[in-house]
>>> print(open('work.cif').read())   # mmCIF, C-alpha atoms
data_my_file
loop_
_atom_site.group_PDB
_atom_site.id
_atom_site.type_symbol
_atom_site.label_atom_id
_atom_site.label_comp_id
_atom_site.auth_asym_id
_atom_site.auth_seq_id
_atom_site.Cartn_x
_atom_site.Cartn_y
_atom_site.Cartn_z
ATOM 1 C CA MET A 171 235.935 320.838 231.319
ATOM 2 C CA ALA A 172 236.964 322.583 228.139
ATOM 3 C CA TRP A 173 239.763 324.080 226.187
ATOM 4 C CA GLU A 174 239.083 327.681 225.287
ATOM 5 C CA LYS A 175 240.667 329.460 222.381
ATOM 6 C CA ARG A 176 242.082 332.831 223.401
ATOM 7 C CA GLU A 177 241.956 335.908 221.180
ATOM 8 C CA ARG A 178 245.686 336.353 221.393
ATOM 9 C CA GLY A 179 246.141 332.738 220.310
ATOM 10 C CA GLY A 180 246.736 329.499 222.190
ATOM 11 C CA LEU A 181 244.465 327.237 224.164
ATOM 12 C CA TYR A 182 243.472 327.702 227.780
ATOM 13 C CA TYR A 183 242.054 324.886 229.933
ATOM 14 C CA THR A 184 239.054 325.710 232.133
ATOM 15 C CA ARG A 185 236.861 323.650 234.365
ATOM 16 C CA SER A 186 233.388 324.396 235.699
ATOM 17 C CA ARG A 187 232.083 323.313 239.061
ATOM 18 C CA LYS A 188 229.129 324.082 241.247
ATOM 19 C CA VAL A 189 229.621 326.230 244.324
ATOM 20 C CA ASP A 190 226.506 326.931 246.409
ATOM 21 C CA ALA A 191 224.229 326.118 243.490
ATOM 22 C CA ARG A 192 226.127 328.475 241.189
ATOM 23 C CA VAL A 193 228.372 327.387 238.352
ATOM 24 C CA VAL A 194 231.852 328.752 238.820
ATOM 25 C CA ARG A 195 234.419 328.556 236.049
ATOM 26 C CA GLU A 196 237.971 327.964 237.110
ATOM 27 C CA TYR A 197 240.719 329.027 234.750
ATOM 28 C CA VAL A 198 243.517 326.503 235.020
ATOM 29 C CA GLY A 199 245.995 327.459 232.338
ATOM 30 C CA GLY A 200 247.430 326.592 228.969
ATOM 31 C CA GLY A 201 250.351 324.563 227.768
ATOM 32 C CA ILE A 202 251.672 321.724 229.888
ATOM 33 C CA ARG A 203 249.776 322.897 232.981
ATOM 34 C CA GLY A 204 246.454 322.783 231.150
ATOM 35 C CA GLU A 205 247.335 319.450 229.600
ATOM 36 C CA ILE A 206 248.050 317.838 232.998
ATOM 37 C CA ALA A 207 244.855 319.253 234.508
ATOM 38 C CA ALA A 208 242.825 318.043 231.508
ATOM 39 C CA ARG A 209 244.232 314.519 231.810
ATOM 40 C CA MET A 210 243.609 314.396 235.547
ATOM 41 C CA ASP A 211 240.045 315.588 235.050
ATOM 42 C CA ALA A 212 239.456 313.032 232.311
ATOM 43 C CA LYS A 213 240.736 310.270 234.577
ATOM 44 C CA GLU A 214 238.502 311.408 237.442
ATOM 45 C CA GLN A 215 235.552 311.615 235.083
ATOM 46 C CA GLN A 216 236.188 308.065 233.870
ATOM 47 C CA GLN A 217 236.451 306.833 237.449
ATOM 48 C CA ARG A 218 233.156 308.524 238.345
ATOM 49 C CA GLU A 219 231.464 306.948 235.351
ATOM 50 C CA GLU A 220 232.772 303.514 236.301
ATOM 51 C CA GLU A 221 231.578 303.960 239.869
ATOM 52 C CA ALA A 222 228.170 305.113 238.657
ATOM 53 C CA ALA A 223 227.893 302.090 236.356
ATOM 54 C CA ALA A 224 228.887 299.733 239.192
ATOM 55 C CA TRP A 225 226.306 301.354 241.460
ATOM 56 C CA ARG A 226 223.605 301.071 238.790
ATOM 57 C CA GLU A 227 224.446 297.395 238.424
ATOM 58 C CA GLU A 228 224.366 296.843 242.188
ATOM 59 C CA ARG A 229 221.067 298.667 242.442
ATOM 60 C CA GLU A 230 219.499 296.599 239.669
ATOM 61 C CA ARG A 231 220.728 293.435 241.383
ATOM 62 C CA LEU A 232 219.235 294.465 244.730
ATOM 63 C CA GLU A 233 215.949 295.448 243.115
ATOM 64 C CA GLU A 234 215.710 292.177 241.241
ATOM 65 C CA LEU A 235 216.339 290.291 244.484
ATOM 66 C CA ALA A 236 213.800 292.381 246.358
ATOM 67 C CA GLY A 237 211.301 291.744 243.556
ATOM 68 C CA LEU A 238 211.607 287.980 243.973
ATOM 69 C CA VAL A 239 210.767 288.216 247.664
ATOM 70 C CA ASP A 240 208.053 290.823 247.068
ATOM 71 C CA GLU A 241 206.246 288.564 244.640
ATOM 72 C CA PHE A 242 206.344 285.690 247.109
ATOM 73 C CA CYS A 243 205.327 287.826 250.101
ATOM 74 C CA GLU A 244 202.396 289.416 248.288
ATOM 75 C CA ALA A 245 201.093 286.054 247.121
ATOM 76 C CA VAL A 246 201.389 284.560 250.620
ATOM 77 C CA GLU A 247 199.672 287.602 252.095
ATOM 78 C CA THR A 248 196.836 287.216 249.584
ATOM 79 C CA VAL A 249 196.375 283.537 250.396
ATOM 80 C CA ALA A 250 196.496 284.179 254.147
ATOM 81 C CA ARG A 251 193.948 286.985 253.898
ATOM 82 C CA ALA A 252 191.748 284.921 251.606
ATOM 83 C CA THR A 253 191.858 282.092 254.136
ATOM 84 C CA LEU A 254 190.876 284.400 256.964
ATOM 85 C CA LEU A 255 188.037 285.914 254.952
ATOM 86 C CA ALA A 256 186.837 282.485 253.877
ATOM 87 C CA ALA A 257 186.861 281.356 257.492
ATOM 88 C CA GLY A 258 184.505 284.177 258.406
ATOM 89 C CA PHE A 259 186.891 286.800 259.729
ATOM 90 C CA ARG A 260 187.210 290.456 258.865
ATOM 91 C CA GLN A 261 190.027 292.879 259.451
ATOM 92 C CA HIS A 262 189.266 295.601 261.923
ATOM 93 C CA ASN A 263 190.728 298.984 260.915
ATOM 94 C CA ARG A 264 193.567 297.363 258.955
ATOM 95 C CA GLY A 265 194.774 295.719 262.138
ATOM 96 C CA GLU A 266 193.348 292.898 264.155
ATOM 97 C CA TRP A 267 191.297 290.158 262.498
ATOM 98 C CA ARG A 268 187.951 289.482 264.173
ATOM 99 C CA ARG A 269 185.214 287.003 263.587
ATOM 100 C CA ARG A 270 182.263 288.504 261.725
ATOM 101 C CA ARG A 271 179.375 289.005 264.078
ATOM 102 C CA ASP A 272 176.820 290.119 261.551
ATOM 103 C CA ARG A 273 173.837 288.103 260.511
ATOM 104 C CA GLY A 274 174.253 284.985 258.456
ATOM 105 C CA THR A 275 177.887 284.412 259.352
ATOM 106 C CA ASN A 276 178.891 281.001 258.199
ATOM 107 C CA THR A 277 181.701 279.556 256.196
ATOM 108 C CA LYS A 278 179.453 277.655 253.818
ATOM 109 C CA GLU A 279 178.130 280.796 252.226
ATOM 110 C CA MET B 140 200.721 260.655 251.477
ATOM 111 C CA THR B 141 197.281 259.092 251.607
ATOM 112 C CA GLU B 142 196.272 259.562 255.218
ATOM 113 C CA GLU B 143 192.767 260.789 255.928
ATOM 114 C CA PRO B 144 192.354 264.332 257.130
ATOM 115 C CA THR B 145 192.118 264.381 260.884
ATOM 116 C CA PRO B 146 191.621 267.191 263.367
ATOM 117 C CA LYS B 147 194.818 269.080 263.993
ATOM 118 C CA SER B 148 195.103 268.057 267.620
ATOM 119 C CA LYS B 149 195.007 264.384 266.712
ATOM 120 C CA LEU B 150 197.573 264.465 263.983
ATOM 121 C CA ALA B 151 200.810 262.676 264.706
ATOM 122 C CA VAL B 152 203.826 264.972 264.921
ATOM 123 C CA ARG B 153 205.355 265.059 261.505
ATOM 124 C CA ARG B 154 208.667 266.689 260.758
ATOM 125 C CA TYR B 155 208.173 269.922 258.915
ATOM 126 C CA GLU B 156 210.638 269.139 256.149
ATOM 127 C CA ASP B 157 209.087 265.750 255.400
ATOM 128 C CA ARG B 158 207.233 267.303 252.556
ATOM 129 C CA PRO B 159 206.941 270.724 251.026
ATOM 130 C CA VAL B 160 204.348 273.262 252.092
ATOM 131 C CA GLY B 161 200.892 272.168 251.062
ATOM 132 C CA CYS B 162 202.289 269.772 248.504
ATOM 133 C CA PRO B 163 199.478 267.552 247.279
ATOM 134 C CA PRO B 164 200.246 263.883 246.649
ATOM 135 C CA GLY B 165 200.619 264.016 242.894
ATOM 136 C CA PRO B 166 201.996 267.037 241.062
ATOM 137 C CA ASP B 167 205.647 267.647 240.454
ATOM 138 C CA ALA B 168 206.217 271.378 240.731
ATOM 139 C CA ALA B 169 209.530 271.185 238.938
ATOM 140 C CA ALA B 170 207.686 269.883 235.904
ATOM 141 C CA MET B 171 205.238 272.801 235.787
ATOM 142 C CA THR B 172 204.797 274.181 232.298
ATOM 143 C CA LYS B 173 204.857 277.871 231.469
ATOM 144 C CA GLU B 174 201.080 277.780 230.960
ATOM 145 C CA GLU B 175 200.564 276.210 234.381
ATOM 146 C CA LYS B 176 202.729 278.868 235.968
ATOM 147 C CA GLU B 177 200.711 281.546 234.185
ATOM 148 C CA ALA B 178 197.487 279.928 235.372
ATOM 149 C CA HIS B 179 198.863 279.942 238.909
ATOM 150 C CA ARG B 180 199.699 283.653 238.640
ATOM 151 C CA ASP B 181 196.200 284.327 237.312
ATOM 152 C CA THR B 182 194.682 282.451 240.248
ATOM 153 C CA VAL B 183 196.679 284.482 242.750
ATOM 154 C CA GLY B 184 195.821 287.649 240.834
ATOM 155 C CA ARG B 185 192.106 286.856 240.895
ATOM 156 C CA LEU B 186 192.310 285.971 244.563
ATOM 157 C CA GLU B 187 194.031 289.297 245.212
ATOM 158 C CA GLU B 188 191.192 291.206 243.511
ATOM 159 C CA LEU B 189 188.577 289.323 245.490
ATOM 160 C CA VAL B 190 190.436 289.783 248.769
ATOM 161 C CA GLU B 191 190.698 293.499 248.127
ATOM 162 C CA LYS B 192 186.950 293.756 247.503
ATOM 163 C CA ALA B 193 186.108 291.631 250.522
ATOM 164 C CA GLY B 194 188.505 293.686 252.624
ATOM 165 C CA LYS B 195 186.314 296.716 251.969
ATOM 166 C CA GLY B 196 183.347 295.011 253.560
ATOM 167 C CA ASP B 197 181.868 293.474 250.428
ATOM 168 C CA ARG B 198 180.690 289.932 251.188
ATOM 169 C CA LYS B 199 179.895 288.966 247.604
ATOM 170 C CA PRO B 200 183.410 287.733 246.773
ATOM 171 C CA LEU B 201 183.509 285.311 249.728
ATOM 172 C CA PRO B 202 181.970 282.316 247.928
ATOM 173 C CA GLU B 203 184.396 282.702 245.031
ATOM 174 C CA ILE B 204 187.345 283.014 247.450
ATOM 175 C CA ARG B 205 186.289 279.762 249.101
ATOM 176 C CA LYS B 206 185.823 278.134 245.722
ATOM 177 C CA ILE B 207 189.307 279.118 244.562
ATOM 178 C CA LEU B 208 190.909 277.910 247.791
ATOM 179 C CA LYS B 209 189.013 274.661 247.584
ATOM 180 C CA GLU B 210 189.778 274.060 243.931
ATOM 181 C CA SER B 211 193.466 274.964 244.196
ATOM 182 C CA PRO B 212 194.846 272.648 246.845
ATOM 183 C CA ASP B 213 198.299 272.944 245.311
ATOM 184 C CA LEU B 214 198.354 276.739 245.553
ATOM 185 C CA ALA B 215 200.511 276.765 248.664
ATOM 186 C CA TRP B 216 202.944 274.325 247.112
ATOM 187 C CA GLN B 217 203.325 276.414 243.991
ATOM 188 C CA LEU B 218 203.842 279.495 246.111
ATOM 189 C CA MET B 219 206.469 277.729 248.107
ATOM 190 C CA ASP B 220 208.241 276.984 244.859
ATOM 191 C CA VAL B 221 208.514 280.735 244.217
ATOM 192 C CA GLY B 222 209.898 281.173 247.724
ATOM 193 C CA ARG B 223 212.483 278.442 247.296
ATOM 194 C CA VAL B 224 213.692 279.919 244.010
ATOM 195 C CA ALA B 225 214.228 283.235 245.778
ATOM 196 C CA GLU B 226 216.008 281.510 248.662
ATOM 197 C CA TRP B 227 218.292 279.650 246.273
ATOM 198 C CA ARG B 228 219.183 282.904 244.478
ATOM 199 C CA TYR B 229 219.941 284.600 247.781
ATOM 200 C CA THR B 230 222.226 281.844 249.031
ATOM 201 C CA GLU B 231 224.018 281.778 245.680
ATOM 202 C CA ILE B 232 224.651 285.501 245.878
ATOM 203 C CA MET B 233 225.563 285.653 249.551
ATOM 204 C CA LEU B 234 228.238 282.985 249.340
ATOM 205 C CA LYS B 235 231.035 282.432 246.861
ATOM 206 C CA GLU B 236 230.380 280.085 243.971
ATOM 207 C CA GLU B 237 232.763 277.402 245.244
ATOM 208 C CA ASP B 238 231.578 277.529 248.878
ATOM 209 C CA PHE B 239 229.399 274.438 248.542
ATOM 210 C CA GLY B 240 229.887 273.509 252.187
ATOM 211 C CA LEU B 241 228.846 276.903 253.490
ATOM 212 C CA LYS B 242 225.877 276.995 251.146
ATOM 213 C CA GLU B 243 224.757 273.649 252.486
ATOM 214 C CA VAL B 244 225.212 274.861 256.064
ATOM 215 C CA LEU B 245 223.151 277.965 255.324
ATOM 216 C CA ARG B 246 220.401 275.951 253.635
ATOM 217 C CA CYS B 247 220.279 273.559 256.580
ATOM 218 C CA GLN B 248 220.100 276.518 258.947
ATOM 219 C CA LEU B 249 217.213 277.980 256.975
ATOM 220 C CA ALA B 250 215.408 274.638 256.996
ATOM 221 C CA ALA B 251 215.920 274.387 260.772
ATOM 222 C CA MET B 252 214.568 277.918 261.211
ATOM 223 C CA ARG B 253 211.514 277.076 259.112
ATOM 224 C CA GLU B 254 210.915 273.980 261.191
ATOM 225 C CA GLU B 255 211.283 275.852 264.458
ATOM 226 C CA ILE B 256 209.021 278.727 263.418
ATOM 227 C CA ALA B 257 206.377 276.452 261.925
ATOM 228 C CA GLY B 258 206.335 274.390 265.129
ATOM 229 C CA ASP B 259 205.050 270.890 265.621
ATOM 230 C CA ASN B 260 202.429 269.703 263.226
ATOM 231 C CA PRO B 261 201.846 273.052 261.485
ATOM 232 C CA SER B 262 198.913 273.687 259.204
ATOM 233 C CA PRO B 263 199.852 274.285 255.564
ATOM 234 C CA LEU B 264 199.141 277.981 256.009
ATOM 235 C CA GLU B 265 201.465 278.166 259.011
ATOM 236 C CA ARG B 266 204.165 276.450 256.970
ATOM 237 C CA LEU B 267 203.780 278.950 254.191
ATOM 238 C CA LEU B 268 203.954 281.847 256.632
ATOM 239 C CA ALA B 269 207.016 280.311 258.290
ATOM 240 C CA ASP B 270 208.636 280.181 254.841
ATOM 241 C CA ARG B 271 207.903 283.841 254.380
ATOM 242 C CA ILE B 272 209.432 284.759 257.735
ATOM 243 C CA VAL B 273 212.627 282.878 256.949
ATOM 244 C CA LEU B 274 212.916 284.309 253.451
ATOM 245 C CA THR B 275 212.443 287.883 254.645
ATOM 246 C CA TRP B 276 215.018 287.240 257.394
ATOM 247 C CA LEU B 277 217.445 286.085 254.714
ATOM 248 C CA GLN B 278 216.718 289.211 252.731
ATOM 249 C CA ILE B 279 217.597 291.396 255.708
ATOM 250 C CA GLN B 280 220.914 289.562 256.066
ATOM 251 C CA LEU B 281 221.715 290.097 252.401
ATOM 252 C CA PHE B 282 220.849 293.794 252.391
ATOM 253 C CA GLU B 283 222.681 294.440 255.657
ATOM 254 C CA ASP B 284 225.680 292.638 254.220
ATOM 255 C CA ALA B 285 225.551 294.678 251.005
ATOM 256 C CA TYR B 286 225.348 297.871 253.054
ATOM 257 C CA ALA B 287 228.215 296.872 255.334
ATOM 258 C CA SER B 288 230.471 295.996 252.426
ATOM 259 C CA SER B 289 229.663 299.260 250.655
ATOM 260 C CA LEU B 290 230.679 301.169 253.800
ATOM 261 C CA SER B 291 234.279 300.194 253.167
ATOM 262 C CA LYS B 292 234.087 301.798 249.713
ATOM 263 C CA SER B 293 233.327 305.433 249.029
ATOM 264 C CA MET B 294 229.567 305.871 249.137
ATOM 265 C CA THR B 295 227.507 308.951 248.332
ATOM 266 C CA ILE B 296 224.725 310.119 250.635
ATOM 267 C CA ALA B 297 222.165 309.078 248.011
ATOM 268 C CA GLN B 298 223.647 305.568 247.867
ATOM 269 C CA GLY B 299 223.649 305.298 251.650
ATOM 270 C CA ASN B 300 220.025 306.435 251.776
ATOM 271 C CA TYR B 301 219.068 303.956 249.096
ATOM 272 C CA ASN B 302 220.712 301.075 250.960
ATOM 273 C CA GLN B 303 219.049 302.134 254.184
ATOM 274 C CA LYS B 304 215.683 302.291 252.432
ATOM 275 C CA MET B 305 216.116 298.753 251.108
ATOM 276 C CA ILE B 306 216.980 297.508 254.609
ATOM 277 C CA ASP B 307 213.986 299.312 256.125
ATOM 278 C CA GLN B 308 211.645 297.771 253.560
ATOM 279 C CA ALA B 309 213.084 294.327 254.242
ATOM 280 C CA TYR B 310 212.470 294.765 257.985
ATOM 281 C CA LYS B 311 208.941 295.922 257.260
ATOM 282 C CA ARG B 312 208.262 292.802 255.182
ATOM 283 C CA HIS B 313 209.771 290.621 257.892
ATOM 284 C CA LEU B 314 207.684 292.165 260.676
ATOM 285 C CA SER B 315 204.570 291.932 258.551
ATOM 286 C CA ALA B 316 205.261 288.213 257.988
ATOM 287 C CA ILE B 317 205.694 287.632 261.741
ATOM 288 C CA ARG B 318 202.548 289.601 262.516
ATOM 289 C CA MET B 319 200.443 287.546 260.104
ATOM 290 C CA LEU B 320 201.641 284.241 261.556
ATOM 291 C CA ALA B 321 200.952 285.507 265.076
ATOM 292 C CA GLN B 322 197.444 286.526 264.034
ATOM 293 C CA ILE B 323 196.737 283.174 262.426
ATOM 294 C CA ARG B 324 197.897 281.402 265.579
ATOM 295 C CA LYS B 325 195.920 283.712 267.815
ATOM 296 C CA LEU B 326 192.745 282.986 265.872
ATOM 297 C CA GLY B 327 193.393 279.300 266.336
ATOM 298 C CA PRO B 328 192.071 276.324 264.435
ATOM 299 C CA ALA B 329 189.155 278.249 262.948
ATOM 300 C CA VAL B 330 191.346 279.311 260.054
ATOM 301 C CA GLN B 331 193.009 275.973 259.365
ATOM 302 C CA ILE B 332 191.065 275.462 256.196
ATOM 303 C CA ASN B 333 191.383 274.976 252.526
ATOM 304 C CA ILE B 334 195.098 275.377 252.055
ATOM 305 C CA GLY B 335 197.041 272.427 250.840
ATOM 306 C CA GLU B 336 195.648 268.958 250.585
ATOM 307 C CA ARG B 337 193.898 269.001 253.940
ATOM 308 C CA GLN B 338 190.458 270.491 254.151
ATOM 309 C CA ILE B 339 190.148 271.116 257.853
ATOM 310 C CA ASN B 340 187.383 273.393 258.935
ATOM 311 C CA THR B 341 186.853 273.513 262.647
ATOM 312 C CA ALA B 342 185.273 276.960 262.711
ATOM 313 C CA SER B 343 182.875 277.074 265.577
#
>>> encode(input="work.cif", output="structure tokens")
Amino acid sequence: MAWEKRERGGLYYTRSRKVDARVVREYVGGGIRGEIAARMDAKEQQQREEEAAAWREERERLEELAGLVDEFCEAVETVARATLLAAGFRQHNRGEWRRRRDRGTNTKE
Amino acid sequence: MTEEPTPKSKLAVRRYEDRPVGCPPGPDAAAMTKEEKEAHRDTVGRLEELVEKAGKGDRKPLPEIRKILKESPDLAWQLMDVGRVAEWRYTEIMLKEEDFGLKEVLRCQLAAMREEIAGDNPSPLERLLADRIVLTWLQIQLFEDAYASSLSKSMTIAQGNYNQKMIDQAYKRHLSAIRMLAQIRKLGPAVQINIGERQINTAS
């Protein structure tokens, strides 16, 4: 959004927007018409910024909450896997846990 | 709690909420210092490294894994503390500040779910896994709720996708938690060892 100075004098309000990945400049007008358009655009811009800030905040909140659970889940997973390994099991192809059949299997290793 | 360790089948039925997961007789988790918490993180971190190595078929880390599990009987309890902090945060966020009654109802519901999932006379590991299932369930509720409430506002496609991704990840965590508990139960008493204060090893 910008005010352009014309060669013959006076200011002219223009706005740019993207249409099919191309930037298209729209010539709105000068005087009171340009002034109204400029104010409306500024208000919309402010609203967008507020919405973006609220979304950023919400996103940070969700990520922080997810992080709390992630930390807990990963630690529990580690302990559970450690327990299985210590008890003489191994994971078959990242799926089922099976008892080790190889030589010397014992849990007092 | 000073009772002698006994085989699982002979243990008297004890209500799940009687004591926290794997809580040993002495330590007060609330009084843990920053250094102790760091030490706990280091232990889990070391265990994670060893588990990763052992998961690739290397048997060398097994003795150290057993040693850590044996020497850290309060590991499960400390972990549970992390889980309870997360649960508390979630209930605080999901319900209004002044809704003390509803918060209490929700916390009781979560405790009942933990008890039901853990079953009668659960091993400390089963308790911990039951905690994880309940916490991930709570996470799904929160994310679904956040998504539903954002539907009433204007939402961009990117925001919708992000919310959906968070929900999908929460479901994945929840299913993974259920799967691990099912596996532990399927393998039976052979894995009821070294977590918490009881050292039960009935591996055949």
>>> resolve_selection(input="work.cif", expression="the PyMOL selection byres ((chain A and resi 198) around 9)", output="MDAnalysis selection string")
chainID A and resid 182:185 196:197 199:200 203:204 207
>>> write_last_selection(input="work.cif", atoms="C-alpha atoms", output="mmCIF file, keeping the file's coordinate frame")
data_model
loop_
_atom_site.group_PDB
_atom_site.id
_atom_site.type_symbol
_atom_site.label_atom_id
_atom_site.label_comp_id
_atom_site.auth_asym_id
_atom_site.auth_seq_id
_atom_site.Cartn_x
_atom_site.Cartn_y
_atom_site.Cartn_z
ATOM 1 C CA TYR A 182 243.472 327.702 227.780
ATOM 2 C CA TYR A 183 242.054 324.886 229.933
ATOM 3 C CA THR A 184 239.054 325.710 232.133
ATOM 4 C CA ARG A 185 236.861 323.650 234.365
ATOM 5 C CA GLU A 196 237.971 327.964 237.110
ATOM 6 C CA TYR A 197 240.719 329.027 234.750
ATOM 7 C CA GLY A 199 245.995 327.459 232.338
ATOM 8 C CA GLY A 200 247.430 326.592 228.969
ATOM 9 C CA ARG A 203 249.776 322.897 232.981
ATOM 10 C CA GLY A 204 246.454 322.783 231.150
ATOM 11 C CA ALA A 207 244.855 319.253 234.508
#
>>> residues_around(input="work.cif", residues="segment 199-203 of chain B", least_positions_apart="6", cutoff="10 Å", atoms="all atoms listed in the file", output="list in words")
Ala252, Thr253, Leu255, Ala256, Ala257, Gly258, Thr277, Lys278 and Glu279 of chain A; Arg185, Leu186, Glu188, Leu189, Val190, Glu191, Lys192, Ala193 and Lys209 of chain B
>>> resolve_selection(input="work.cif", expression="the PyMOL selection byres ((chain A) within 12 of (chain B))", output="ChimeraX atom specification")
/A:218,221-222,224-226,228-270,272-279
>>> residues_around(input="work.cif", residues="Val273 of chain B", least_positions_apart="4", cutoff="8 Å", atoms="all atoms listed in the file", output="list in words")
Leu249, Met252, Arg253, Ala269 and Leu277 of chain B
>>> decode(input="work.cif", residues="segment 189-262 of chain A", atoms="C-alpha atoms", output="PDB file, in the first residue's frame")
ATOM      1  CA  VAL A 189      -2.938 -12.580  -8.437  1.00  0.00           C
ATOM      2  CA  ASP A 190      -1.845 -16.009  -9.697  1.00  0.00           C
ATOM      3  CA  ALA A 191       1.649 -15.535  -8.307  1.00  0.00           C
ATOM      4  CA  ARG A 192       2.004 -12.153 -10.011  1.00  0.00           C
ATOM      5  CA  VAL A 193       2.002  -8.823  -8.228  1.00  0.00           C
ATOM      6  CA  VAL A 194      -0.747  -6.614  -9.553  1.00  0.00           C
ATOM      7  CA  ARG A 195      -0.920  -2.947  -8.643  1.00  0.00           C
ATOM      8  CA  GLU A 196      -4.357  -1.503  -8.198  1.00  0.00           C
ATOM      9  CA  TYR A 197      -4.770   2.228  -8.602  1.00  0.00           C
ATOM     10  CA  VAL A 198      -7.376   3.378  -6.120  1.00  0.00           C
ATOM     11  CA  GLY A 199      -7.391   7.146  -6.354  1.00  0.00           C
ATOM     12  CA  GLY A 200      -6.411  10.376  -4.691  1.00  0.00           C
ATOM     13  CA  GLY A 201      -8.097  12.775  -2.348  1.00  0.00           C
ATOM     14  CA  ILE A 202     -10.823  11.547  -0.032  1.00  0.00           C
ATOM     15  CA  ARG A 203     -11.238   8.275  -1.944  1.00  0.00           C
ATOM     16  CA  GLY A 204      -7.569   7.407  -1.518  1.00  0.00           C
ATOM     17  CA  GLU A 205      -7.659   8.469   2.108  1.00  0.00           C
ATOM     18  CA  ILE A 206     -10.595   6.149   2.917  1.00  0.00           C
ATOM     19  CA  ALA A 207      -8.981   3.225   1.092  1.00  0.00           C
ATOM     20  CA  ALA A 208      -5.670   3.844   2.894  1.00  0.00           C
ATOM     21  CA  ARG A 209      -7.376   3.864   6.298  1.00  0.00           C
ATOM     22  CA  MET A 210      -9.333   0.708   5.537  1.00  0.00           C
ATOM     23  CA  ASP A 211      -6.174  -1.039   4.379  1.00  0.00           C
ATOM     24  CA  ALA A 212      -4.291   0.075   7.476  1.00  0.00           C
ATOM     25  CA  LYS A 213      -7.069  -1.272   9.683  1.00  0.00           C
ATOM     26  CA  GLU A 214      -7.087  -4.606   7.846  1.00  0.00           C
ATOM     27  CA  GLN A 215      -3.317  -4.783   8.093  1.00  0.00           C
ATOM     28  CA  GLN A 216      -3.468  -4.169  11.845  1.00  0.00           C
ATOM     29  CA  GLN A 217      -6.131  -6.845  12.229  1.00  0.00           C
ATOM     30  CA  ARG A 218      -4.010  -9.334  10.273  1.00  0.00           C
ATOM     31  CA  GLU A 219      -1.006  -8.568  12.441  1.00  0.00           C
ATOM     32  CA  GLU A 220      -3.044  -9.067  15.604  1.00  0.00           C
ATOM     33  CA  GLU A 221      -4.387 -12.365  14.311  1.00  0.00           C
ATOM     34  CA  ALA A 222      -0.890 -13.496  13.360  1.00  0.00           C
ATOM     35  CA  ALA A 223       0.415 -12.587  16.821  1.00  0.00           C
ATOM     36  CA  ALA A 224      -2.464 -14.458  18.492  1.00  0.00           C
ATOM     37  CA  TRP A 225      -1.773 -17.492  16.312  1.00  0.00           C
ATOM     38  CA  ARG A 226       1.947 -17.373  17.116  1.00  0.00           C
ATOM     39  CA  GLU A 227       1.080 -17.267  20.803  1.00  0.00           C
ATOM     40  CA  GLU A 228      -1.358 -20.170  20.471  1.00  0.00           C
ATOM     41  CA  ARG A 229       1.198 -22.167  18.533  1.00  0.00           C
ATOM     42  CA  GLU A 230       3.903 -21.577  21.133  1.00  0.00           C
ATOM     43  CA  ARG A 231       1.467 -22.633  23.856  1.00  0.00           C
ATOM     44  CA  LEU A 232       0.566 -25.853  22.037  1.00  0.00           C
ATOM     45  CA  GLU A 233       4.208 -26.643  21.347  1.00  0.00           C
ATOM     46  CA  GLU A 234       5.179 -26.068  24.952  1.00  0.00           C
ATOM     47  CA  LEU A 235       2.373 -28.385  26.061  1.00  0.00           C
ATOM     48  CA  ALA A 236       3.345 -31.012  23.516  1.00  0.00           C
ATOM     49  CA  GLY A 237       6.954 -30.734  24.700  1.00  0.00           C
ATOM     50  CA  LEU A 238       5.973 -31.567  28.276  1.00  0.00           C
ATOM     51  CA  VAL A 239       4.256 -34.764  27.170  1.00  0.00           C
ATOM     52  CA  ASP A 240       7.019 -35.605  24.686  1.00  0.00           C
ATOM     53  CA  GLU A 241       9.658 -35.460  27.384  1.00  0.00           C
ATOM     54  CA  PHE A 242       7.624 -37.752  29.614  1.00  0.00           C
ATOM     55  CA  CYS A 243       6.734 -40.187  26.815  1.00  0.00           C
ATOM     56  CA  GLU A 244      10.316 -40.482  25.594  1.00  0.00           C
ATOM     57  CA  ALA A 245      11.620 -41.139  29.091  1.00  0.00           C
ATOM     58  CA  VAL A 246       8.950 -43.784  29.748  1.00  0.00           C
ATOM     59  CA  GLU A 247       9.682 -45.397  26.395  1.00  0.00           C
ATOM     60  CA  THR A 248      13.389 -45.503  27.258  1.00  0.00           C
ATOM     61  CA  VAL A 249      12.742 -47.111  30.636  1.00  0.00           C
ATOM     62  CA  ALA A 250      10.314 -49.641  29.152  1.00  0.00           C
ATOM     63  CA  ARG A 251      12.754 -50.588  26.399  1.00  0.00           C
ATOM     64  CA  ALA A 252      15.625 -50.763  28.863  1.00  0.00           C
ATOM     65  CA  THR A 253      13.550 -53.083  31.036  1.00  0.00           C
ATOM     66  CA  LEU A 254      12.761 -55.342  28.110  1.00  0.00           C
ATOM     67  CA  LEU A 255      16.391 -55.446  27.010  1.00  0.00           C
ATOM     68  CA  ALA A 256      17.550 -56.115  30.554  1.00  0.00           C
ATOM     69  CA  ALA A 257      15.057 -58.953  30.822  1.00  0.00           C
ATOM     70  CA  GLY A 258      16.603 -60.619  27.793  1.00  0.00           C
ATOM     71  CA  PHE A 259      14.288 -59.509  25.013  1.00  0.00           C
ATOM     72  CA  ARG A 260      15.072 -57.960  21.666  1.00  0.00           C
ATOM     73  CA  GLN A 261      12.881 -56.069  19.263  1.00  0.00           C
ATOM     74  CA  HIS A 262      12.209 -57.843  16.023  1.00  0.00           C
TER      75      HIS A 262
END
